[in-house]
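One file, entry_29.tsv, is given below (TSV, C-alpha atoms).
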```tsv
chain	number	residue	atom	x	y	z
H	1	ASP	CA	6.42	122.59	10.01
H	2	CYS	CA	6.39	118.78	10.18
H	3	ALA	CA	5.26	118.42	6.53
H	4	PRO	CA	6.69	121.23	4.40
H	5	ALA	CA	5.26	119.72	1.20
H	6	ASP	CA	1.70	119.35	2.61
H	7	ASN	CA	-0.12	122.61	3.42
H	8	ALA	CA	-2.82	120.72	5.39
H	9	LYS	CA	-0.28	119.56	8.00
H	10	TRP	CA	2.12	121.74	9.97
H	11	GLN	CA	2.19	120.65	13.60
H	12	SER	CA	3.12	117.44	15.35
H	13	ALA	CA	2.44	115.95	18.76
H	14	LEU	CA	2.79	112.70	20.63
H	15	LEU	CA	-0.61	111.01	20.24
H	16	PHE	CA	-2.12	107.65	21.14
H	17	VAL	CA	-3.95	105.49	18.59
H	18	ASP	CA	-7.62	105.26	19.62
H	19	SER	CA	-9.64	104.02	16.63
H	20	ASP	CA	-12.96	103.68	18.45
H	21	GLY	CA	-12.67	106.98	20.37
H	22	ASP	CA	-13.40	105.56	23.82
H	23	GLY	CA	-10.28	107.01	25.46
H	24	TYR	CA	-8.60	103.60	25.71
H	25	THR	CA	-5.74	103.22	23.26
H	26	THR	CA	-4.00	100.43	21.38
H	27	SER	CA	-0.75	101.03	23.23
H	28	SER	CA	0.51	102.74	26.35
H	29	THR	CA	3.12	104.49	24.19
H	30	ALA	CA	2.29	107.61	22.17
H	31	THR	CA	3.71	108.12	18.68
H	32	SER	CA	4.61	111.32	16.88
H	33	VAL	CA	1.84	112.35	14.48
H	34	CYS	CA	1.96	115.22	11.98
H	35	TYR	CA	-1.42	116.95	11.52
H	36	GLY	CA	-3.14	120.24	10.69
H	37	ALA	CA	-5.67	122.33	12.59
H	38	SER	CA	-7.09	119.52	14.75
H	39	ILE	CA	-6.08	116.15	16.04
H	40	PRO	CA	-7.00	113.57	13.40
H	41	ALA	CA	-9.75	110.97	13.96
H	42	GLY	CA	-8.47	107.79	15.55
H	43	TYR	CA	-5.99	109.57	17.81
H	44	SER	CA	-6.10	110.88	21.37
H	45	VAL	CA	-3.81	113.18	23.39
H	46	SER	CA	-4.18	110.95	26.47
H	47	SER	CA	-4.89	107.34	27.30
H	48	LEU	CA	-7.16	105.85	29.96
H	49	GLY	CA	-5.38	102.53	29.47
H	50	VAL	CA	-4.73	99.90	26.83
H	51	ASP	CA	-7.86	98.83	24.89
H	52	CYS	CA	-8.57	95.11	24.41
H	53	ASN	CA	-10.79	95.88	21.38
H	54	ASP	CA	-10.08	99.18	19.64
H	55	ALA	CA	-12.82	98.49	17.08
H	56	ASP	CA	-15.65	98.53	19.68
H	57	ASN	CA	-16.10	101.56	21.92
H	58	THR	CA	-18.26	99.60	24.39
H	59	LYS	CA	-15.40	97.28	25.32
H	60	HIS	CA	-11.97	98.18	26.60
H	61	ALA	CA	-11.02	95.75	29.39
H	62	SER	CA	-10.76	91.99	29.78
H	63	PHE	CA	-12.71	90.08	32.42
H	64	ASP	CA	-12.80	86.43	33.45
H	65	PHE	CA	-15.68	84.26	32.21
H	66	TYR	CA	-16.37	80.58	31.50
H	67	ALA	CA	-16.77	79.24	27.97
H	68	ASP	CA	-20.40	78.51	27.03
H	69	THR	CA	-19.83	76.32	23.98
H	70	ASP	CA	-23.48	75.29	23.53
H	71	ASN	CA	-24.88	78.84	24.15
H	72	ASP	CA	-27.38	77.78	26.82
H	73	GLY	CA	-26.29	80.53	29.24
H	74	PHE	CA	-24.28	78.18	31.44
H	75	GLY	CA	-20.51	77.79	31.21
H	76	ALA	CA	-18.03	75.05	31.98
H	77	GLY	CA	-14.34	74.57	32.50
H	78	SER	CA	-11.80	77.10	33.73
H	79	LEU	CA	-11.96	80.88	33.69
H	80	VAL	CA	-10.70	82.59	30.53
H	81	SER	CA	-9.91	86.27	30.08
H	82	VAL	CA	-12.27	87.87	27.53
H	83	CYS	CA	-12.69	91.44	26.27
H	84	ALA	CA	-16.11	92.53	27.54
H	85	VAL	CA	-18.32	95.50	28.46
H	86	ASN	CA	-17.94	94.82	32.20
H	87	SER	CA	-17.38	91.99	34.68
H	88	SER	CA	-21.07	91.08	34.91
H	89	THR	CA	-21.92	91.04	31.18
H	90	PRO	CA	-20.28	88.09	29.45
H	91	PRO	CA	-20.06	88.32	25.65
H	92	ALA	CA	-21.78	85.73	23.45
H	93	GLY	CA	-20.25	82.30	23.96
H	94	TYR	CA	-19.32	82.98	27.59
H	95	SER	CA	-21.00	82.77	31.00
H	96	SER	CA	-20.37	84.06	34.50
H	97	ASN	CA	-20.93	80.56	35.97
H	98	ASN	CA	-19.41	77.14	35.37
H	99	THR	CA	-22.37	74.94	36.30
H	100	ASP	CA	-23.04	73.37	32.87
H	101	CYS	CA	-23.02	69.57	33.29
H	102	ALA	CA	-23.34	69.00	29.51
H	103	PRO	CA	-21.31	71.72	27.73
H	104	SER	CA	-22.05	70.32	24.27
H	105	ASP	CA	-25.82	69.90	24.80
H	106	ASN	CA	-27.86	73.11	25.15
H	107	THR	CA	-30.87	71.20	26.51
H	108	LYS	CA	-29.01	70.17	29.69
H	109	TRP	CA	-27.17	72.38	32.17
H	110	ARG	CA	-28.03	71.51	35.77
H	111	THR	CA	-27.37	68.54	38.01
H	112	ALA	CA	-29.44	67.11	40.86
H	113	ASP	CA	-29.58	63.86	42.80
H	114	LEU	CA	-32.65	62.03	41.42
H	115	TYR	CA	-34.20	58.64	42.16
H	116	THR	CA	-35.07	56.18	39.39
H	117	ASP	CA	-38.86	55.70	39.37
H	118	ALA	CA	-39.91	54.47	35.91
H	119	ASP	CA	-43.57	53.79	36.80
H	120	GLY	CA	-44.04	57.09	38.69
H	121	ASP	CA	-45.55	55.57	41.83
H	122	GLY	CA	-43.20	57.41	44.20
H	123	TYR	CA	-41.13	54.32	45.00
H	124	ALA	CA	-37.58	54.11	43.63
H	125	THR	CA	-35.45	51.23	42.45
H	126	SER	CA	-32.59	52.24	44.77
H	127	ALA	CA	-32.27	53.94	48.15
H	128	THR	CA	-29.46	56.07	46.72
H	129	PRO	CA	-30.27	58.84	44.24
H	130	LEU	CA	-28.03	59.30	41.20
H	131	ALA	CA	-26.48	62.59	40.06
H	132	THR	CA	-28.45	63.40	36.91
H	133	CYS	CA	-27.76	66.13	34.33
H	134	TYR	CA	-30.91	67.71	32.90
H	135	GLY	CA	-32.47	70.96	31.64
H	136	VAL	CA	-35.85	72.60	32.26
H	137	SER	CA	-37.46	69.67	34.05
H	138	SER	CA	-36.28	66.42	35.56
H	139	PRO	CA	-36.26	63.57	33.04
H	140	ALA	CA	-39.14	61.08	32.78
H	141	GLY	CA	-38.65	58.10	35.04
H	142	THR	CA	-36.95	60.10	37.78
H	143	SER	CA	-38.11	61.68	41.02
H	144	VAL	CA	-36.62	64.14	43.54
H	145	SER	CA	-37.89	62.04	46.45
H	146	SER	CA	-38.73	58.42	47.22
H	147	SER	CA	-41.25	56.77	49.54
H	148	GLY	CA	-39.19	53.61	49.65
H	149	LEU	CA	-37.96	50.81	47.43
H	150	ASP	CA	-40.05	49.51	44.53
H	151	CYS	CA	-40.23	45.76	43.93
H	152	ASP	CA	-41.65	46.21	40.40
H	153	ASP	CA	-40.81	49.49	38.68
H	154	THR	CA	-42.83	48.53	35.60
H	155	ASP	CA	-46.21	48.48	37.44
H	156	ASN	CA	-47.33	51.54	39.43
H	157	THR	CA	-49.87	49.45	41.38
H	158	LYS	CA	-47.12	47.35	42.97
H	159	HIS	CA	-44.24	48.56	45.08
H	160	ALA	CA	-43.84	46.24	48.07
H	161	SER	CA	-43.11	42.54	48.45
H	162	PHE	CA	-45.17	40.41	50.78
H	163	ASP	CA	-44.85	36.81	51.93
H	164	PHE	CA	-47.54	34.37	50.77
H	165	TYR	CA	-48.03	30.61	50.88
H	166	ALA	CA	-47.89	28.87	47.55
H	167	ASP	CA	-51.33	27.96	46.16
H	168	THR	CA	-50.29	25.34	43.63
H	169	ASP	CA	-53.80	24.03	42.94
H	170	GLY	CA	-55.48	27.45	42.63
H	171	ASP	CA	-58.15	26.89	45.27
H	172	GLY	CA	-57.20	30.02	47.28
H	173	PHE	CA	-55.51	28.12	50.04
H	174	GLY	CA	-51.76	27.77	50.26
H	175	PHE	CA	-49.49	25.49	52.15
H	176	GLY	CA	-45.82	24.99	52.93
H	177	SER	CA	-43.41	27.46	54.45
H	178	LEU	CA	-43.12	31.17	53.84
```

Entire entry expressed as structure tokens:
Amino acid sequence: DCAPADNAKWQSALLFVDSDGDGYTTSSTATSVCYGASIPAGYSVSSLGVDCNDADNTKHASFDFYADTDNDGFGAGSLVSVCAVNSSTPPAGYSSNNTDCAPSDNTKWRTADLYTDADGDGYATSATPLATCYGVSSPAGTSVSSSGLDCDDTDNTKHASFDFYADTDGDGFGFGSL
């Protein structure tokens, strides 16, 4: 009898603490527990392994995820070990990818090389696209392609420069050199 003064307890065994009952325990070491007719709730005779969250029976192991500080579904930074359901289901605040280009802005998460085209005529201000961070759609004034360089990005009817003779008197006829 392990508890001579308590008639509800008379046997003892080495048991593992398992508060959530998922078979994963708080420690890999069993402790001696005095009990009565059945093993008390919160204990187990065996352990499947150490539990990372003994208050949640859906989680028992840690997996690597990226922090998703703005909760847009896209993470950033380095991998961190987090107690989770499985390796493909990140808990809230974490993501399985690290592609977020703006971790503190939930309206932006992806990056693409875009051309500056303020007037939307298909001609860009530079032959080199710029890496741009954005969300659902590319920002106004940008384009994924370019038909060439724009000489006036404020007027969508003009995009190329041409050589003309100066018509200083306004009669429609120019003179001088190009």

Need to verify the contact set: region 102-106 of chain H, 10 Å, only C-alpha atoms, exclusion of same-chain residues closer than 3 positions in sequence. Can you return it as JSON, numbers by chain? {"H": [67, 68, 69, 70, 71, 72, 73, 74, 75, 76, 77, 98, 99, 109, 110, 111, 133, 134, 135]}

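Taking CA of Ala37 (chain H) and CA of Asn7 (chain H) as endpoints, the distance between them is 10.7 Å.
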
Given the point (-0.9, 116.5, 14.9) in the coordinates of this file, which residues lie within 9 Å, counting only C-alpha atoms, and how would they look as number ranges by chain? H: 2, 9-15, 32-40

Distance query Lys59 (chain H) at most 9 Å, all atoms listed in the file, self and fewer than 2 positions along chain excluded, as a list in words: Asp22, Asp51, Cys52, Asn53, Asp54, Ala55, Asp56, Asn57, Ala61, Ser62, Cys83, Ala84, Val85 and Asn86 of chain H

Let me have the centre and edge lengths in Å, one decimal, of the box along x, y and z around every listed atom of region 110-116 of chain H with 4 Å of margin on each side, as JSON.
```
{"center_x": -31.2, "center_y": 63.8, "center_z": 39.3, "size_x": 15.7, "size_y": 23.3, "size_z": 15.0}
```

Using all atoms listed in the file for the distances, tell me which of H:Ala160, H:Leu149, H:Ala112, H:Ala140 is nearest to Thr125 (chain H). H:Leu149
